[in-house]
Amino acid sequence: MSLKHSDWPSRLWIVRHGQSAGNAARDEAEARGLGLIDIQTRDADTPLSSLGEQQSIALAHWFASQPNYLQPDVFYSSPFVRSVDTCRAVAIHLAGEHVDIGIDERLREKEFGILDRYTKQGIIATFPELAQQRERVGKFYFRPPGGESWCDVILRLRSIVEVLRRDHVGDRVLIVAHQVIVNCFRYLLECLDERAILAIDAEGDVPNCAVTEYALEGQGDQARFVLQRANFVAPELAAEAEVTRAPDRPAGPK
């Protein structure tokens, strides 16, 4: 049986969005030792920064430099503005102005609940009991009031994987989303456990516009996604824009 009869896309890229205005505001708040991030928009409405726009264009240039079989022909994005704009920059460059982008709420950022907009210092100062609980339970299982744990995110991504298998057999799919989404997809696609994915997370933050890529290997029922590269920073990104690595911290409305 040939690869085209396997019920998976032939290629999958999972990309973190370009730097957002929220990332920049978070960096400033933490550098000043502030407890709250000064940003006026909802997290979902936070746009790319000027640097993030440059990063997105550089990512588009890298994809365009690849041979056709290594370019996506299906595009999905988190509904958050910073992800949609990153995805659109790539999709338009590859497929033109009228390209269709699938916007799916299951790809949204992890929800931080009551901790939204607080820096690490702010969480410790304002919610010491929650900070202690998170330390005790671990970030994989910890669910802040009104928010999500990593397990909650993984649960919603399981149905995305089924959409890929149902609707995109043989396609080349690009997903643009968020740092936790990238890592949770790795947990699912590489059949990792809590210890393994948290070890990967501890290695460092996912760079903005970094590429995690999977290719289908094997035939028929034996076909499996195999990791090709993780958190890859394209040469164009380094050449055309600054590489940024902002941590996964809440950045939403006041």
# chains A, B, ... in the order shown; residues from 1 in each chain; ligands from 1
>>> select_by_dssp(residues="region 26-217 of chain A", states="strand (DSSP E or B)", output="list of chain:residue names")
A:Leu36, A:Leu48, A:Val74, A:Phe75, A:Tyr76, A:Ser77, A:Ile101, A:Gly102, A:Ile103, A:Tyr118, A:Arg172, A:Val173, A:Leu174, A:Ile175, A:Val176, A:Ala177, A:Val211, A:Thr212, A:Glu213, A:Tyr214, A:Ala215, A:Leu216, A:Glu217
>>> write_last_selection(atoms="N, CA and C atoms", output="PDB file, in the first residue's frame")
ATOM      1  N   LEU A  36       1.979  43.258  37.233  1.00  0.00           N
ATOM      2  CA  LEU A  36       0.966  43.206  36.186  1.00  0.00           C
ATOM      3  C   LEU A  36       1.555  43.657  34.858  1.00  0.00           C
ATOM      4  N   LEU A  48       0.462  41.333  16.528  1.00  0.00           N
ATOM      5  CA  LEU A  48       1.907  41.207  16.389  1.00  0.00           C
ATOM      6  C   LEU A  48       2.567  42.555  16.664  1.00  0.00           C
ATOM      7  N   VAL A  74      -2.300  23.471   3.014  1.00  0.00           N
ATOM      8  CA  VAL A  74      -3.454  23.644   3.899  1.00  0.00           C
ATOM      9  C   VAL A  74      -2.987  24.461   5.099  1.00  0.00           C
ATOM     10  N   PHE A  75      -3.807  25.429   5.510  1.00  0.00           N
ATOM     11  CA  PHE A  75      -3.390  26.359   6.553  1.00  0.00           C
ATOM     12  C   PHE A  75      -4.433  26.414   7.663  1.00  0.00           C
ATOM     13  N   TYR A  76      -3.962  26.258   8.904  1.00  0.00           N
ATOM     14  CA  TYR A  76      -4.811  26.375  10.086  1.00  0.00           C
ATOM     15  C   TYR A  76      -4.173  27.349  11.063  1.00  0.00           C
ATOM     16  N   SER A  77      -5.025  28.042  11.818  1.00  0.00           N
ATOM     17  CA  SER A  77      -4.520  28.982  12.813  1.00  0.00           C
ATOM     18  C   SER A  77      -5.417  29.006  14.038  1.00  0.00           C
ATOM     19  N   ILE A 101      -7.865  30.035   5.122  1.00  0.00           N
ATOM     20  CA  ILE A 101      -7.200  29.694   6.379  1.00  0.00           C
ATOM     21  C   ILE A 101      -8.250  29.170   7.345  1.00  0.00           C
ATOM     22  N   GLY A 102      -8.052  27.976   7.845  1.00  0.00           N
ATOM     23  CA  GLY A 102      -8.977  27.411   8.811  1.00  0.00           C
ATOM     24  C   GLY A 102      -8.712  27.974  10.196  1.00  0.00           C
ATOM     25  N   ILE A 103      -9.664  28.694  10.750  1.00  0.00           N
ATOM     26  CA  ILE A 103      -9.532  29.276  12.089  1.00  0.00           C
ATOM     27  C   ILE A 103     -10.247  28.343  13.059  1.00  0.00           C
ATOM     28  N   TYR A 118      -0.782  38.506  34.981  1.00  0.00           N
ATOM     29  CA  TYR A 118       0.184  38.594  36.072  1.00  0.00           C
ATOM     30  C   TYR A 118       1.531  38.032  35.635  1.00  0.00           C
ATOM     31  N   ARG A 172      -0.384  18.704   2.930  1.00  0.00           N
ATOM     32  CA  ARG A 172       0.763  19.291   3.622  1.00  0.00           C
ATOM     33  C   ARG A 172       0.208  20.448   4.463  1.00  0.00           C
ATOM     34  N   VAL A 173       0.188  20.277   5.776  1.00  0.00           N
ATOM     35  CA  VAL A 173      -0.590  21.140   6.660  1.00  0.00           C
ATOM     36  C   VAL A 173       0.321  22.003   7.532  1.00  0.00           C
ATOM     37  N   LEU A 174       0.024  23.296   7.552  1.00  0.00           N
ATOM     38  CA  LEU A 174       0.686  24.227   8.470  1.00  0.00           C
ATOM     39  C   LEU A 174      -0.306  24.649   9.540  1.00  0.00           C
ATOM     40  N   ILE A 175       0.116  24.534  10.800  1.00  0.00           N
ATOM     41  CA  ILE A 175      -0.666  25.023  11.939  1.00  0.00           C
ATOM     42  C   ILE A 175       0.139  26.117  12.635  1.00  0.00           C
ATOM     43  N   VAL A 176      -0.463  27.289  12.801  1.00  0.00           N
ATOM     44  CA  VAL A 176       0.186  28.378  13.542  1.00  0.00           C
ATOM     45  C   VAL A 176      -0.596  28.605  14.827  1.00  0.00           C
ATOM     46  N   ALA A 177       0.102  28.548  15.940  1.00  0.00           N
ATOM     47  CA  ALA A 177      -0.575  28.673  17.229  1.00  0.00           C
ATOM     48  C   ALA A 177       0.386  29.244  18.273  1.00  0.00           C
ATOM     49  N   VAL A 211       9.855  26.496  13.780  1.00  0.00           N
ATOM     50  CA  VAL A 211       9.140  25.450  13.057  1.00  0.00           C
ATOM     51  C   VAL A 211       9.407  24.087  13.691  1.00  0.00           C
ATOM     52  N   THR A 212       8.338  23.378  14.020  1.00  0.00           N
ATOM     53  CA  THR A 212       8.425  21.966  14.409  1.00  0.00           C
ATOM     54  C   THR A 212       7.756  21.172  13.286  1.00  0.00           C
ATOM     55  N   GLU A 213       8.489  20.236  12.705  1.00  0.00           N
ATOM     56  CA  GLU A 213       8.062  19.597  11.457  1.00  0.00           C
ATOM     57  C   GLU A 213       8.006  18.078  11.598  1.00  0.00           C
ATOM     58  N   TYR A 214       6.930  17.501  11.028  1.00  0.00           N
ATOM     59  CA  TYR A 214       6.756  16.050  11.001  1.00  0.00           C
ATOM     60  C   TYR A 214       6.547  15.590   9.564  1.00  0.00           C
ATOM     61  N   ALA A 215       7.089  14.420   9.250  1.00  0.00           N
ATOM     62  CA  ALA A 215       6.867  13.789   7.950  1.00  0.00           C
ATOM     63  C   ALA A 215       6.300  12.398   8.163  1.00  0.00           C
ATOM     64  N   LEU A 216       5.452  11.978   7.248  1.00  0.00           N
ATOM     65  CA  LEU A 216       4.872  10.644   7.326  1.00  0.00           C
ATOM     66  C   LEU A 216       5.869   9.634   6.778  1.00  0.00           C
ATOM     67  N   GLU A 217       6.159   8.631   7.570  1.00  0.00           N
ATOM     68  CA  GLU A 217       7.066   7.565   7.153  1.00  0.00           C
ATOM     69  C   GLU A 217       6.388   6.218   7.359  1.00  0.00           C
TER      70      GLU A 217
END
>>> select_by_dssp(residues="region 56-132 of chain A", states="helix (DSSP H, G or I)", output="ChimeraX atom specification")
/A:56-65,68-70,81-95,105-107,113-115,120-126,128-132
>>> residues_around(residues="region 50-61 of chain A", least_positions_apart="5", cutoff="10 Å", atoms="only C-alpha atoms", output="number ranges by chain")
A: 15, 17-21, 23-24, 66, 82-83, 85-94, 208-211, 233-244
>>> residues_around(residues="region 148-151 of chain A", least_positions_apart="5", cutoff="8 Å", atoms="only C-alpha atoms", output="PyMOL selection string")
chain A and resi 110-113+139-143+180+184
>>> write_last_selection(atoms="all heavy atoms", output="CSV table (one decimal), in the first residue's frame")
chain,number,residue,atom,x,y,z
A,110,LYS,N,-3.4,28.5,25.7
A,110,LYS,CA,-3.8,28.0,27.0
A,110,LYS,C,-4.5,29.1,27.8
A,110,LYS,O,-4.0,30.2,27.9
A,110,LYS,CB,-2.6,27.4,27.8
A,110,LYS,CG,-2.9,27.0,29.2
A,110,LYS,CD,-1.6,26.5,29.8
A,110,LYS,CE,-1.8,26.1,31.3
A,110,LYS,NZ,-2.0,27.3,32.1
A,111,GLU,N,-5.6,28.8,28.5
A,111,GLU,CA,-6.3,29.9,29.2
A,111,GLU,C,-5.7,29.9,30.7
A,111,GLU,O,-5.6,28.9,31.4
A,111,GLU,CB,-7.8,29.5,29.3
A,111,GLU,CG,-8.4,29.6,27.9
A,111,GLU,CD,-9.9,29.3,27.9
A,111,GLU,OE1,-10.4,29.0,28.9
A,111,GLU,OE2,-10.5,29.4,26.8
A,112,PHE,N,-5.4,31.1,31.1
A,112,PHE,CA,-4.7,31.3,32.4
A,112,PHE,C,-5.7,31.7,33.5
A,112,PHE,O,-5.3,31.8,34.7
A,112,PHE,CB,-3.7,32.4,32.2
A,112,PHE,CG,-2.5,32.1,31.3
A,112,PHE,CD1,-2.5,32.5,30.0
A,112,PHE,CD2,-1.5,31.2,31.7
A,112,PHE,CE1,-1.5,32.2,29.1
A,112,PHE,CE2,-0.5,30.9,30.8
A,112,PHE,CZ,-0.5,31.3,29.6
A,113,GLY,N,-6.9,31.9,33.2
A,113,GLY,CA,-7.9,32.2,34.2
A,113,GLY,C,-7.6,33.4,35.1
A,113,GLY,O,-7.2,34.5,34.6
A,139,LYS,N,3.3,22.0,36.5
A,139,LYS,CA,2.5,22.7,35.5
A,139,LYS,C,1.7,21.8,34.6
A,139,LYS,O,0.7,22.3,34.0
A,139,LYS,CB,3.5,23.6,34.7
A,139,LYS,CG,4.5,22.8,33.8
A,139,LYS,CD,5.6,23.6,33.2
A,139,LYS,CE,5.1,24.8,32.4
A,139,LYS,NZ,6.2,25.6,31.8
A,140,PHE,N,2.0,20.6,34.5
A,140,PHE,CA,1.3,19.7,33.6
A,140,PHE,C,-0.2,19.5,34.1
A,140,PHE,O,-1.1,19.5,33.3
A,140,PHE,CB,2.0,18.3,33.5
A,140,PHE,CG,1.4,17.4,32.4
A,140,PHE,CD1,1.8,17.6,31.1
A,140,PHE,CD2,0.6,16.3,32.7
A,140,PHE,CE1,1.4,16.8,30.1
A,140,PHE,CE2,0.1,15.5,31.7
A,140,PHE,CZ,0.5,15.7,30.4
A,141,TYR,N,-0.4,19.4,35.4
A,141,TYR,CA,-1.7,19.1,35.9
A,141,TYR,C,-2.3,20.4,36.6
A,141,TYR,O,-3.5,20.3,36.9
A,141,TYR,CB,-1.6,18.0,37.0
A,141,TYR,CG,-1.4,16.6,36.4
A,141,TYR,CD1,-0.1,16.0,36.5
A,141,TYR,CD2,-2.3,16.0,35.6
A,141,TYR,CE1,0.1,14.8,36.0
A,141,TYR,CE2,-2.1,14.7,35.0
A,141,TYR,CZ,-0.8,14.1,35.2
A,141,TYR,OH,-0.6,12.9,34.7
A,142,PHE,N,-1.6,21.4,36.9
A,142,PHE,CA,-2.1,22.5,37.6
A,142,PHE,C,-3.1,23.3,36.7
A,142,PHE,O,-2.8,23.7,35.6
A,142,PHE,CB,-1.0,23.5,38.0
A,142,PHE,CG,-1.5,24.8,38.7
A,142,PHE,CD1,-2.1,24.7,39.9
A,142,PHE,CD2,-1.3,26.0,38.0
A,142,PHE,CE1,-2.5,25.9,40.5
A,142,PHE,CE2,-1.8,27.1,38.6
A,142,PHE,CZ,-2.4,27.1,39.8
A,143,ARG,N,-4.3,23.6,37.3
A,143,ARG,CA,-5.3,24.3,36.6
A,143,ARG,C,-5.7,25.5,37.5
A,143,ARG,O,-6.3,25.4,38.5
A,143,ARG,CB,-6.6,23.5,36.4
A,143,ARG,CG,-7.7,24.2,35.7
A,143,ARG,CD,-9.0,23.4,35.7
A,143,ARG,NE,-8.9,22.2,34.8
A,143,ARG,CZ,-9.3,21.0,35.2
A,143,ARG,NH1,-9.9,20.8,36.4
A,143,ARG,NH2,-9.2,20.0,34.3
A,180,VAL,N,2.5,26.6,24.2
A,180,VAL,CA,1.9,25.5,24.8
A,180,VAL,C,1.3,24.5,23.8
A,180,VAL,O,1.4,23.3,23.9
A,180,VAL,CB,0.9,25.8,25.9
A,180,VAL,CG1,0.2,24.6,26.4
A,180,VAL,CG2,1.6,26.5,27.1
A,184,CYS,N,2.2,20.7,23.4
A,184,CYS,CA,1.2,19.6,23.6
A,184,CYS,C,1.0,18.8,22.3
A,184,CYS,O,0.7,17.6,22.4
A,184,CYS,CB,-0.1,20.3,24.0
A,184,CYS,SG,-0.1,20.9,25.7
>>> residues_around(residues="Leu107 (chain A)", least_positions_apart="3", cutoff="8 Å", atoms="only C-alpha atoms", output="PyMOL selection string")
chain A and resi 77-79+104+157+177-178+181
>>> write_last_selection(atoms="N, CA and C atoms", output="tab-separated table (two decimals), in the first residue's frame")
chain	number	residue	atom	x	y	z
A	77	SER	N	-5.03	28.04	11.82
A	77	SER	CA	-4.52	28.98	12.81
A	77	SER	C	-5.42	29.01	14.04
A	78	SER	N	-4.80	29.29	15.17
A	78	SER	CA	-5.54	29.74	16.35
A	78	SER	C	-6.32	30.99	15.97
A	79	PRO	N	-7.46	31.24	16.60
A	79	PRO	CA	-8.22	32.47	16.30
A	79	PRO	C	-7.58	33.74	16.85
A	104	ASP	N	-9.52	27.82	14.02
A	104	ASP	CA	-10.08	26.81	14.92
A	104	ASP	C	-9.79	27.17	16.37
A	157	LEU	N	-6.78	19.19	21.76
A	157	LEU	CA	-5.97	18.92	20.57
A	157	LEU	C	-6.17	17.51	20.04
A	177	ALA	N	0.10	28.55	15.94
A	177	ALA	CA	-0.58	28.67	17.23
A	177	ALA	C	0.39	29.24	18.27
A	178	HIS	N	0.48	28.60	19.43
A	178	HIS	CA	1.15	29.17	20.61
A	178	HIS	C	2.13	28.15	21.20
A	181	ILE	N	0.71	25.06	22.76
A	181	ILE	CA	0.13	24.23	21.70
A	181	ILE	C	1.22	23.43	21.00
>>> atom_distance(atom1="CA of Arg224 (chain A)", atom2="CA of Val182 (chain A)")
18.3 Å
>>> closest_residue(among="A:Val153, A:Val84, A:Ala202, A:Gln121", to="Tyr187 (chain A)", atoms="only C-alpha atoms")
A:Val153
>>> closest_residue(among="A:Asp7, A:Glu203, A:Asp45, A:Glu135", to="Leu164 (chain A)", atoms="only C-alpha atoms")
A:Asp7
